[in-house]
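Chemist: Contents of my_file_8.csv (CSV, C-alpha atoms and all ligand atoms) are below:
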```csv
chain,number,residue,atom,x,y,z
A,1,MET,CA,-102.0,-52.3,-19.2
A,2,GLU,CA,-104.2,-51.0,-22.0
A,3,HIS,CA,-105.9,-54.3,-22.4
A,4,PHE,CA,-107.7,-54.0,-19.1
A,5,PRO,CA,-110.6,-51.7,-19.9
A,6,LEU,CA,-110.9,-48.5,-17.7
A,7,PRO,CA,-114.3,-46.8,-17.3
A,8,GLU,CA,-114.7,-43.3,-18.6
A,9,LEU,CA,-114.0,-40.5,-16.1
A,10,ASN,CA,-117.3,-38.6,-16.1
A,11,ASP,CA,-119.4,-36.5,-13.6
A,12,ALA,CA,-121.4,-39.5,-12.4
A,13,LEU,CA,-118.3,-41.4,-11.5
A,14,ILE,CA,-116.8,-38.4,-9.8
A,15,GLU,CA,-120.0,-37.8,-7.8
A,16,ARG,CA,-120.3,-41.5,-6.7
A,17,TYR,CA,-116.8,-41.4,-5.1
A,18,GLN,CA,-117.1,-37.9,-3.7
A,19,PRO,CA,-117.4,-38.9,-0.1
A,20,ILE,CA,-114.0,-40.7,-0.3
A,21,GLN,CA,-112.5,-37.8,-2.2
A,22,GLU,CA,-113.6,-35.4,0.5
A,23,LYS,CA,-112.2,-37.6,3.2
A,24,ILE,CA,-108.7,-37.7,1.7
A,25,ALA,CA,-108.7,-34.2,0.0
A,26,HIS,CA,-106.1,-33.0,2.5
A,27,LEU,CA,-103.8,-35.8,1.3
A,28,MET,CA,-103.9,-35.5,-2.4
A,29,PRO,CA,-104.7,-32.8,-5.0
A,30,GLU,CA,-107.9,-33.3,-7.0
A,31,GLU,CA,-105.9,-33.9,-10.2
A,32,GLU,CA,-104.2,-36.9,-8.6
A,33,TRP,CA,-107.4,-38.3,-7.3
A,34,LEU,CA,-109.0,-38.0,-10.8
A,35,THR,CA,-106.2,-40.0,-12.3
A,36,HIS,CA,-106.8,-42.8,-9.7
A,37,LEU,CA,-110.6,-42.8,-10.1
A,38,PRO,CA,-111.0,-44.9,-13.2
A,39,TRP,CA,-108.6,-47.5,-11.7
A,40,ILE,CA,-110.5,-47.6,-8.5
A,41,GLU,CA,-113.8,-48.1,-10.3
A,42,ALA,CA,-112.4,-50.8,-12.6
A,43,ILE,CA,-111.0,-52.7,-9.5
A,44,ASN,CA,-114.3,-52.4,-7.6
A,45,GLN,CA,-116.2,-53.7,-10.7
A,46,ARG,CA,-113.8,-56.5,-11.4
A,47,LYS,CA,-113.7,-57.6,-7.7
A,48,GLN,CA,-117.5,-58.1,-7.8
A,49,GLU,CA,-117.5,-59.9,-11.1
A,50,ILE,CA,-115.1,-62.5,-9.9
A,51,GLY,CA,-116.0,-62.7,-6.2
A,52,ALA,CA,-112.8,-61.4,-4.7
A,53,VAL,CA,-112.1,-59.7,-1.5
A,54,ILE,CA,-109.3,-57.1,-0.9
A,55,LEU,CA,-107.4,-57.2,2.4
A,56,ALA,CA,-105.2,-54.1,3.0
A,57,HIS,CA,-102.7,-53.4,5.7
A,58,ASN,CA,-102.8,-50.0,7.5
A,59,TYR,CA,-99.6,-49.0,5.6
A,60,GLN,CA,-101.2,-49.1,2.1
A,61,THR,CA,-101.6,-45.7,0.4
A,62,PRO,CA,-104.9,-43.8,0.8
A,63,GLU,CA,-106.3,-44.5,-2.7
A,64,ILE,CA,-106.0,-48.3,-1.9
A,65,PHE,CA,-106.9,-48.1,1.7
A,66,TYR,CA,-110.1,-45.9,1.2
A,67,GLY,CA,-110.7,-46.6,-2.5
A,68,VAL,CA,-110.7,-50.4,-3.0
A,69,ALA,CA,-110.0,-52.2,0.3
A,70,ASP,CA,-112.9,-54.3,1.8
A,71,ILE,CA,-111.0,-55.1,5.0
A,72,THR,CA,-108.2,-53.1,6.6
A,73,GLY,CA,-106.2,-53.6,9.7
A,74,ASP,CA,-103.0,-54.6,11.4
A,75,SER,CA,-101.3,-58.0,10.9
A,76,LEU,CA,-103.4,-59.6,13.6
A,77,ALA,CA,-106.7,-58.3,12.3
A,78,LEU,CA,-105.9,-59.3,8.7
A,79,ALA,CA,-104.9,-62.8,9.9
A,80,GLN,CA,-108.2,-63.0,11.9
A,81,GLN,CA,-110.3,-61.7,9.0
A,82,ALA,CA,-108.6,-64.1,6.6
A,83,THR,CA,-110.2,-67.0,8.5
A,84,ALA,CA,-113.7,-65.4,8.1
A,85,VAL,CA,-114.0,-64.2,4.5
A,86,GLU,CA,-116.5,-65.9,2.3
A,87,GLU,CA,-115.0,-65.0,-1.0
A,88,ASN,CA,-112.8,-67.7,-2.7
A,89,ILE,CA,-110.3,-65.1,-4.0
A,90,ILE,CA,-108.2,-63.0,-1.6
A,91,ILE,CA,-106.2,-60.1,-2.9
A,92,GLN,CA,-103.6,-59.3,-0.2
A,93,CYS,CA,-102.5,-55.6,-0.3
A,94,GLY,CA,-99.6,-55.8,2.0
A,95,VAL,CA,-96.3,-57.8,2.0
A,96,HIS,CA,-95.5,-61.4,1.2
A,97,PHE,CA,-95.6,-62.8,4.7
A,98,MET,CA,-99.1,-61.5,5.1
A,99,ALA,CA,-100.3,-63.2,1.9
A,100,GLU,CA,-98.6,-66.4,3.0
A,101,THR,CA,-100.4,-66.2,6.4
A,102,SER,CA,-103.7,-65.9,4.5
A,103,LYS,CA,-102.8,-68.9,2.4
A,104,ILE,CA,-101.8,-71.0,5.4
A,105,LEU,CA,-105.1,-70.2,7.0
A,106,ASN,CA,-107.1,-70.8,3.7
A,107,PRO,CA,-105.3,-73.5,1.8
A,108,GLU,CA,-108.3,-74.1,-0.5
A,109,LYS,CA,-108.6,-70.4,-1.5
A,110,THR,CA,-106.8,-68.5,-4.2
A,111,VAL,CA,-104.5,-65.9,-2.4
A,112,ILE,CA,-103.0,-63.3,-4.7
A,113,ILE,CA,-100.3,-60.7,-4.0
A,114,PRO,CA,-100.3,-58.0,-6.7
A,115,ASP,CA,-96.4,-57.7,-6.6
A,116,GLU,CA,-94.5,-60.8,-5.5
A,117,ARG,CA,-91.4,-58.7,-4.7
A,118,ALA,CA,-93.2,-57.0,-1.7
A,119,GLY,CA,-91.0,-58.5,1.0
A,120,CYS,CA,-90.0,-57.5,4.5
A,121,SER,CA,-86.6,-57.0,6.1
A,122,LEU,CA,-87.7,-58.8,9.2
A,123,ALA,CA,-88.9,-61.8,7.3
A,124,ASP,CA,-85.6,-61.8,5.4
A,125,SER,CA,-83.5,-61.7,8.6
A,126,ILE,CA,-84.2,-65.3,9.6
A,127,THR,CA,-84.3,-68.7,7.9
A,128,ALA,CA,-85.7,-72.0,9.0
A,129,ASP,CA,-82.1,-73.4,9.2
A,130,GLY,CA,-81.0,-70.4,11.4
A,131,LEU,CA,-83.9,-71.0,13.7
A,132,ARG,CA,-83.2,-74.7,13.9
A,133,ALA,CA,-79.6,-74.0,14.9
A,134,LEU,CA,-80.8,-71.6,17.7
A,135,LYS,CA,-83.3,-74.2,18.9
A,136,ALA,CA,-80.5,-76.8,19.1
A,137,ARG,CA,-78.6,-74.4,21.5
A,138,TYR,CA,-81.7,-74.1,23.7
A,139,PRO,CA,-83.4,-77.6,23.7
A,140,GLY,CA,-87.0,-77.5,24.9
A,141,VAL,CA,-87.3,-73.7,25.0
A,142,PRO,CA,-90.5,-72.6,23.2
A,143,VAL,CA,-90.2,-70.4,20.2
A,144,VAL,CA,-92.4,-67.3,19.7
A,145,SER,CA,-92.0,-65.8,16.2
A,146,TYR,CA,-93.4,-62.5,14.9
A,147,VAL,CA,-95.8,-63.1,12.0
A,148,ASN,CA,-93.2,-61.1,9.9
A,149,THR,CA,-91.6,-64.5,9.0
A,150,THR,CA,-91.7,-66.9,6.1
A,151,ALA,CA,-94.0,-70.0,6.3
A,152,GLU,CA,-90.8,-72.2,6.8
A,153,VAL,CA,-89.9,-70.2,9.9
A,154,LYS,CA,-93.5,-70.3,11.2
A,155,ALA,CA,-93.3,-74.1,10.7
A,156,GLU,CA,-90.4,-74.2,13.2
A,157,THR,CA,-92.2,-72.0,15.7
A,158,ASP,CA,-94.4,-72.9,18.6
A,159,VAL,CA,-96.6,-69.8,18.6
A,160,CYS,CA,-96.7,-66.8,16.3
A,161,CYS,CA,-97.4,-63.3,17.6
A,162,THR,CA,-98.0,-59.8,16.2
A,163,SER,CA,-97.0,-56.5,17.7
A,164,ALA,CA,-100.6,-56.4,19.2
A,165,ASN,CA,-100.3,-59.6,21.3
A,166,ALA,CA,-96.6,-60.4,21.7
A,167,ILE,CA,-96.4,-59.5,25.4
A,168,ASP,CA,-99.6,-61.4,26.2
A,169,ILE,CA,-98.5,-64.5,24.3
A,170,VAL,CA,-95.0,-64.6,25.9
A,171,ASN,CA,-96.6,-64.1,29.4
A,172,ALA,CA,-99.2,-66.8,28.8
A,173,LEU,CA,-96.7,-69.5,27.9
A,174,PRO,CA,-95.9,-72.0,30.7
A,175,ALA,CA,-92.1,-71.6,30.4
A,176,GLU,CA,-89.5,-69.4,32.2
A,177,ARG,CA,-87.4,-69.0,29.0
A,178,ILE,CA,-88.6,-68.0,25.6
A,179,ILE,CA,-86.9,-67.8,22.2
A,180,PHE,CA,-88.2,-64.7,20.4
A,181,THR,CA,-87.6,-64.1,16.7
A,182,PRO,CA,-86.8,-62.2,14.6
A,183,ASP,CA,-87.2,-58.6,15.7
A,184,ARG,CA,-84.7,-57.7,18.4
A,185,TYR,CA,-86.5,-54.4,19.2
A,186,LEU,CA,-90.0,-55.9,19.6
A,187,GLY,CA,-88.3,-58.8,21.5
A,188,GLN,CA,-86.5,-56.3,23.9
A,189,HIS,CA,-89.9,-54.5,24.4
A,190,VAL,CA,-91.4,-57.9,25.3
A,191,ALA,CA,-88.5,-58.7,27.6
A,192,ASN,CA,-89.1,-55.4,29.4
A,193,HIS,CA,-92.7,-56.5,30.1
A,194,THR,CA,-92.2,-60.0,31.4
A,195,ASP,CA,-90.3,-61.8,34.2
A,196,LYS,CA,-89.3,-64.5,31.7
A,197,GLU,CA,-85.9,-64.7,30.1
A,198,VAL,CA,-86.2,-63.8,26.5
A,199,ILE,CA,-83.6,-65.1,24.0
A,200,LEU,CA,-83.5,-62.7,21.0
A,201,TRP,CA,-82.8,-63.1,17.3
A,202,ASP,CA,-80.9,-60.2,15.8
A,203,GLY,CA,-83.4,-58.9,13.1
A,204,ALA,CA,-84.8,-55.5,12.6
A,205,CYS,CA,-87.3,-53.6,10.4
A,206,GLU,CA,-85.4,-51.3,8.0
A,207,VAL,CA,-88.2,-48.7,8.3
A,208,HIS,CA,-88.6,-48.4,12.0
A,209,GLU,CA,-84.9,-48.8,12.8
A,210,GLN,CA,-84.3,-45.4,11.2
A,211,PHE,CA,-86.1,-43.5,13.9
A,212,THR,CA,-84.0,-42.1,16.7
A,213,GLY,CA,-84.8,-41.0,20.2
A,214,GLU,CA,-83.3,-37.5,19.4
A,215,GLN,CA,-85.6,-37.1,16.4
A,216,VAL,CA,-88.6,-38.0,18.6
A,217,ARG,CA,-87.6,-35.5,21.3
A,218,HIS,CA,-87.3,-32.9,18.6
A,219,PHE,CA,-90.9,-33.6,17.4
A,220,ARG,CA,-92.2,-33.3,21.0
A,221,GLU,CA,-90.3,-30.0,21.6
A,222,GLU,CA,-91.3,-28.5,18.2
A,223,SER,CA,-95.0,-29.4,18.2
A,224,GLY,CA,-95.9,-30.6,21.7
A,225,ALA,CA,-97.3,-33.7,20.0
A,226,PHE,CA,-98.4,-36.9,21.8
A,227,ILE,CA,-95.9,-39.5,20.7
A,228,ILE,CA,-97.2,-42.9,19.5
A,229,ALA,CA,-94.6,-45.4,18.5
A,230,HIS,CA,-94.6,-48.9,16.9
A,231,PRO,CA,-92.7,-51.5,19.0
A,232,GLU,CA,-90.4,-52.3,16.0
A,233,CYS,CA,-88.6,-48.9,16.9
A,234,PRO,CA,-85.3,-48.9,18.7
A,235,GLN,CA,-85.4,-48.7,22.5
A,236,ASP,CA,-84.4,-45.0,22.8
A,237,VAL,CA,-87.4,-44.2,20.6
A,238,LEU,CA,-89.8,-46.3,22.7
A,239,ALA,CA,-88.4,-44.6,25.9
A,240,GLU,CA,-89.7,-41.3,24.5
A,241,ALA,CA,-93.2,-42.6,23.6
A,242,ASP,CA,-96.4,-41.8,25.4
A,243,TYR,CA,-98.0,-44.9,23.9
A,244,ILE,CA,-96.5,-48.0,22.2
A,245,GLY,CA,-98.7,-50.3,20.1
A,246,SER,CA,-99.5,-52.1,16.9
A,247,THR,CA,-100.8,-50.1,14.0
A,248,SER,CA,-104.4,-50.9,15.0
A,249,GLY,CA,-103.6,-50.3,18.7
A,250,MET,CA,-102.4,-46.8,17.6
A,251,ILE,CA,-105.8,-46.1,15.9
A,252,ASP,CA,-107.8,-47.4,19.0
A,253,HIS,CA,-105.7,-45.3,21.3
A,254,ILE,CA,-106.2,-42.1,19.2
A,255,ALA,CA,-110.0,-42.8,19.0
A,256,ARG,CA,-110.2,-43.3,22.8
A,257,HIS,CA,-108.0,-40.4,23.9
A,258,GLN,CA,-108.4,-37.8,21.0
A,259,PRO,CA,-105.1,-36.0,21.7
A,260,GLN,CA,-104.9,-32.6,19.9
A,261,LYS,CA,-101.6,-33.2,18.2
A,262,VAL,CA,-100.1,-36.6,17.4
A,263,ALA,CA,-96.8,-37.8,16.0
A,264,LEU,CA,-97.0,-41.4,14.7
A,265,ILE,CA,-93.6,-43.0,14.8
A,266,THR,CA,-94.2,-45.6,12.1
A,267,GLU,CA,-94.6,-46.0,8.4
A,268,CYS,CA,-95.7,-42.9,6.5
A,269,SER,CA,-99.0,-43.9,4.9
A,270,MET,CA,-100.3,-44.8,8.4
A,271,SER,CA,-100.4,-41.2,9.4
A,272,ASP,CA,-102.2,-40.3,6.2
A,273,ASN,CA,-104.9,-43.0,6.6
A,274,VAL,CA,-105.4,-42.1,10.3
A,275,SER,CA,-105.5,-38.4,9.7
A,276,ALA,CA,-108.4,-38.9,7.3
A,277,GLN,CA,-110.3,-40.6,10.1
A,278,PHE,CA,-109.6,-37.9,12.6
A,279,PRO,CA,-109.8,-34.6,10.7
A,280,GLU,CA,-109.9,-32.5,14.0
A,281,ILE,CA,-106.5,-34.0,15.2
A,282,GLN,CA,-103.2,-32.4,14.0
A,283,PHE,CA,-100.7,-35.0,12.8
A,284,THR,CA,-97.0,-34.5,12.6
A,285,ARG,CA,-95.7,-36.8,9.9
A,286,PRO,CA,-92.3,-38.2,10.4
A,287,CYS,CA,-92.1,-39.9,7.0
A,288,ASN,CA,-90.3,-43.2,6.6
A,289,LEU,CA,-91.8,-45.3,3.7
A,290,CYS,CA,-91.8,-49.1,3.6
A,291,PRO,CA,-90.5,-49.7,0.0
A,292,HIS,CA,-92.1,-53.2,0.1
A,293,MET,CA,-95.6,-52.0,1.0
A,294,LYS,CA,-95.3,-49.4,-1.7
A,295,ARG,CA,-94.8,-52.0,-4.4
A,296,ILE,CA,-98.6,-52.5,-4.3
A,297,SER,CA,-100.4,-50.1,-6.6
A,298,LEU,CA,-103.9,-49.7,-8.1
A,299,LYS,CA,-102.4,-50.8,-11.5
A,300,ASN,CA,-101.0,-54.1,-10.2
A,301,ILE,CA,-104.1,-54.8,-8.2
A,302,LEU,CA,-106.3,-54.5,-11.3
A,303,ARG,CA,-103.8,-56.7,-13.3
A,304,SER,CA,-103.9,-59.3,-10.6
A,305,LEU,CA,-107.7,-59.3,-10.6
A,306,HIS,CA,-107.7,-60.0,-14.4
A,307,GLU,CA,-104.8,-62.5,-14.4
A,308,LEU,CA,-105.7,-64.2,-11.1
A,309,GLY,CA,-102.0,-64.0,-10.1
A,310,PRO,CA,-99.4,-63.9,-8.9
A,311,GLU,CA,-100.8,-66.6,-6.7
A,312,VAL,CA,-99.1,-67.4,-3.3
A,313,GLN,CA,-98.4,-71.1,-2.8
A,314,VAL,CA,-97.1,-72.7,0.3
A,315,ASP,CA,-95.9,-76.3,0.4
A,316,GLU,CA,-98.6,-78.4,2.1
A,317,ALA,CA,-96.3,-80.1,4.6
A,318,VAL,CA,-94.8,-76.7,5.6
A,319,ALA,CA,-98.3,-75.1,5.7
A,320,ARG,CA,-99.6,-77.8,8.0
A,321,LYS,CA,-96.9,-77.1,10.6
A,322,ALA,CA,-97.0,-73.3,10.1
A,323,ARG,CA,-100.8,-73.4,10.6
A,324,ARG,CA,-100.4,-74.8,14.1
A,325,SER,CA,-98.3,-71.8,15.2
A,326,VAL,CA,-100.6,-69.3,13.6
A,327,GLU,CA,-103.8,-70.9,14.9
A,328,ARG,CA,-102.3,-71.2,18.4
A,329,MET,CA,-101.7,-67.4,18.2
A,330,LEU,CA,-105.3,-66.8,17.1
A,331,GLU,CA,-106.7,-69.0,19.8
A,332,MET,CA,-104.6,-67.3,22.5
A,333,SER,CA,-105.7,-63.9,21.2
A,334,ARG,CA,-109.4,-64.6,21.4
A,335,LYS,CA,-111.3,-62.6,23.9
A,336,PRO,CA,-112.8,-64.6,26.8
A,337,ALA,CA,-116.4,-64.0,25.4
A,338,GLU,CA,-115.4,-65.4,22.0
A,339,LYS,CA,-113.8,-68.4,23.6
A,340,ALA,CA,-117.0,-69.2,25.5
A,341,ALA,CA,-119.2,-68.7,22.5
B,401,LIG,P1,-98.7,-54.4,12.7
B,401,LIG,O1,-99.0,-55.8,13.0
B,401,LIG,O2,-98.6,-53.5,13.9
B,401,LIG,O3,-99.7,-53.8,11.7
B,401,LIG,O4,-97.3,-54.3,12.0
B,401,LIG,C1,-96.9,-55.0,10.9
B,401,LIG,C2,-95.7,-54.4,10.3
B,401,LIG,O5,-95.1,-54.9,9.3
B,401,LIG,C3,-95.2,-53.2,10.9
B,401,LIG,O6,-94.0,-52.8,10.3
B,402,LIG,FE1,-91.4,-55.3,7.1
B,402,LIG,FE2,-90.7,-53.0,8.3
B,402,LIG,FE3,-92.0,-53.0,6.0
B,402,LIG,FE4,-93.3,-53.7,8.2
B,402,LIG,S1,-92.5,-51.7,7.7
B,402,LIG,S2,-93.4,-54.8,6.2
B,402,LIG,S3,-91.7,-54.8,9.3
B,402,LIG,S4,-90.0,-53.8,6.3
```
Take the structure from the file and write it as structure tokens.
Modeler:
Amino acid sequence: MEHFPLPELNDALIERYQPIQEKIAHLMPEEEWLTHLPWIEAINQRKQEIGAVILAHNYQTPEIFYGVADITGDSLALAQQATAVEENIIIQCGVHFMAETSKILNPEKTVIIPDERAGCSLADSITADGLRALKARYPGVPVVSYVNTTAEVKAETDVCCTSANAIDIVNALPAERIIFTPDRYLGQHVANHTDKEVILWDGACEVHEQFTGEQVRHFREESGAFIIAHPECPQDVLAEADYIGSTSGMIDHIARHQPQKVALITECSMSDNVSAQFPEIQFTRPCNLCPHMKRISLKNILRSLHELGPEVQVDEAVARKARRSVERMLEMSRKPAEKAA
């Protein structure tokens, strides 16, 4: 890494980034922040030099989320923003399916993921062949797939969804039966909120699947916390939750209701990032890390900005079909005012 020049750590640099340091001081000791600072500055400089934009998911670590990201959000927000960015180089700080989604929506742009190994257990749980076989058993039944899928699976899908819009999309489709892939827990959550028959695929998120209803009851009894859970959690966890929503839905809910104590039943860094936004709220941190999200680091972001890779490529024929299912989701998620505009 030595060949990528790092700026000197001096008082001027420390002062310039002080507002961010103060914001996340409760999350990391000063010594750790100071080791990150030259990397953060080098990334921000390089980004400007080459005209790149950094998109970061809510599960990225605070030094990435607050230090270098230009756009942050849940899967839906990142997909929406990917269609609007002006820069020709997109650095996706998240997992591979997110970078693929950005590439599908921006075929002419350079989309880079700092570590190609950043996968997802949900995306790995289903293949295009597997989905074709399921479709053959239910001819004519529309397929809704979570965006946590490969481009090949999206190409076999009628409409994509995220955790933020899954229920609305299933309810809006003019069919009485829906195939829902690949997350069986999100799928069951959708099935509980629709009159339609939902045919499920048997996938799960390795991070959210670890939470148990008993654990959540324990958090509530110990701390009296308001329980907010991601719909990728098992049903007994969701049954204990006061609010269920996507990662951005969680933030909106906290902003609107300002509970005194909150337990976020989702990936670990999410609680860190949200706690920095709401210093007056007490967060209980049940800590399950997503090993794939954690592959992205300041070091590999800087390397990717210098090497302009690893670049994400999607076969054009696959991308064309996958784009239809993603764009259909974006169209169905537009607010009425946006549709009229
Ligand atoms: P969100 O769309 O809620 O951000 O979820 C993405 C994800 O991978 C959760 O594990
Ligand atoms: Fe995939 Fe789960 Fe990690 Fe989200 S948290 S990226 S669903 S493995």
Chemist: Which is closest to ligand LIG 402 (chain B) among A:Asp168, A:Glu267, A:Glu8, A:Asp242, if we use all atoms listed in the file?
Modeler: A:Glu267
Chemist: Which of these, A:Ser246, A:Asn165, A:Ser121, A:Gln60, has the shortest distance to Phe97 of chain A once you count all atoms listed in the file?
Modeler: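 When distances to Phe97 of chain A are compared using all atoms listed in the file, the smallest one comes from A:Ser121.
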Chemist: Please return, as a PyMOL selection string, all polymer residues that have at least one atom within 10 Å of the point (-90.9, -47.8, 5.1); use all atoms listed in the file and the file's own coordinate frame.
Modeler: chain A and resi 59+120+205-210+266-269+287-294
Chemist: Compute the set of protein, DNA and RNA residues whose minimum atom distance to ligand LIG 401 (chain B) is at most 7 Å, using only C-alpha atoms and all ligand atoms, and state it as a PyMOL selection string.
Modeler: chain A and resi 57-58+73-76+148+162-164+205+230+232+245-248
Chemist: Take the residues just selected and output them with C-alpha atoms as a PDB file, keeping the file's coordinate frame.
Modeler:
```pdb
ATOM      1  CA  HIS A  57    -102.700 -53.400   5.700  1.00  0.00           C
ATOM      2  CA  ASN A  58    -102.800 -50.000   7.500  1.00  0.00           C
ATOM      3  CA  GLY A  73    -106.200 -53.600   9.700  1.00  0.00           C
ATOM      4  CA  ASP A  74    -103.000 -54.600  11.400  1.00  0.00           C
ATOM      5  CA  SER A  75    -101.300 -58.000  10.900  1.00  0.00           C
ATOM      6  CA  LEU A  76    -103.400 -59.600  13.600  1.00  0.00           C
ATOM      7  CA  ASN A 148     -93.200 -61.100   9.900  1.00  0.00           C
ATOM      8  CA  THR A 162     -98.000 -59.800  16.200  1.00  0.00           C
ATOM      9  CA  SER A 163     -97.000 -56.500  17.700  1.00  0.00           C
ATOM     10  CA  ALA A 164    -100.600 -56.400  19.200  1.00  0.00           C
ATOM     11  CA  CYS A 205     -87.300 -53.600  10.400  1.00  0.00           C
ATOM     12  CA  HIS A 230     -94.600 -48.900  16.900  1.00  0.00           C
ATOM     13  CA  GLU A 232     -90.400 -52.300  16.000  1.00  0.00           C
ATOM     14  CA  GLY A 245     -98.700 -50.300  20.100  1.00  0.00           C
ATOM     15  CA  SER A 246     -99.500 -52.100  16.900  1.00  0.00           C
ATOM     16  CA  THR A 247    -100.800 -50.100  14.000  1.00  0.00           C
ATOM     17  CA  SER A 248    -104.400 -50.900  15.000  1.00  0.00           C
TER      18      SER A 248
END
```
Chemist: Neighbours of Leu298 of chain A within 10 Å (only C-alpha atoms; same-chain residues fewer than 6 positions away dropped), as a list in words?
Modeler: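 In the requested form, the answer reads His36, Leu37, Pro38, Trp39, Ile40, Ala42, Ile43, Thr61, Glu63, Ile64, Gly67, Val68, Cys93, Pro114 and Ser304 of chain A.
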Chemist: Between A:Glu331, A:Glu240, A:Glu222, A:Asp183, which is the closest to ligand LIG 402 (chain B) once you count all atoms listed in the file?
Modeler: A:Asp183
Chemist: List the neighbours of Thr150 of chain A out to 9 Å using all atoms listed in the file; skip same-chain residues closer than 6 positions along the sequence, and give me the result as a PDB file with C-alpha atoms, in the frame of the given file.
Modeler:
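Output (out_15.pdb):
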```pdb
ATOM      1  CA  HIS A  96     -95.500 -61.400   1.200  1.00  0.00           C
ATOM      2  CA  PHE A  97     -95.600 -62.800   4.700  1.00  0.00           C
ATOM      3  CA  GLU A 100     -98.600 -66.400   3.000  1.00  0.00           C
ATOM      4  CA  THR A 101    -100.400 -66.200   6.400  1.00  0.00           C
ATOM      5  CA  ALA A 123     -88.900 -61.800   7.300  1.00  0.00           C
ATOM      6  CA  ASP A 124     -85.600 -61.800   5.400  1.00  0.00           C
ATOM      7  CA  ILE A 126     -84.200 -65.300   9.600  1.00  0.00           C
ATOM      8  CA  THR A 127     -84.300 -68.700   7.900  1.00  0.00           C
ATOM      9  CA  ALA A 128     -85.700 -72.000   9.000  1.00  0.00           C
TER      10      ALA A 128
END
```
Chemist: Could you state the separation of atom CA of Leu305 of chain A and atom CA of Thr72 of chain A in Å, given to one decimal place?
Modeler: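 Value for the atom CA of Leu305 of chain A-atom CA of Thr72 of chain A distance: 18.3 Å.
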Chemist: Looking at only C-alpha atoms, which of A:Tyr66, A:Thr157, A:Gln277, A:Lys196 is the one that sits closest to Pro174 of chain A?
Modeler: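 Looking only at the distances to Pro174 of chain A, the closest residue turns out to be A:Lys196.
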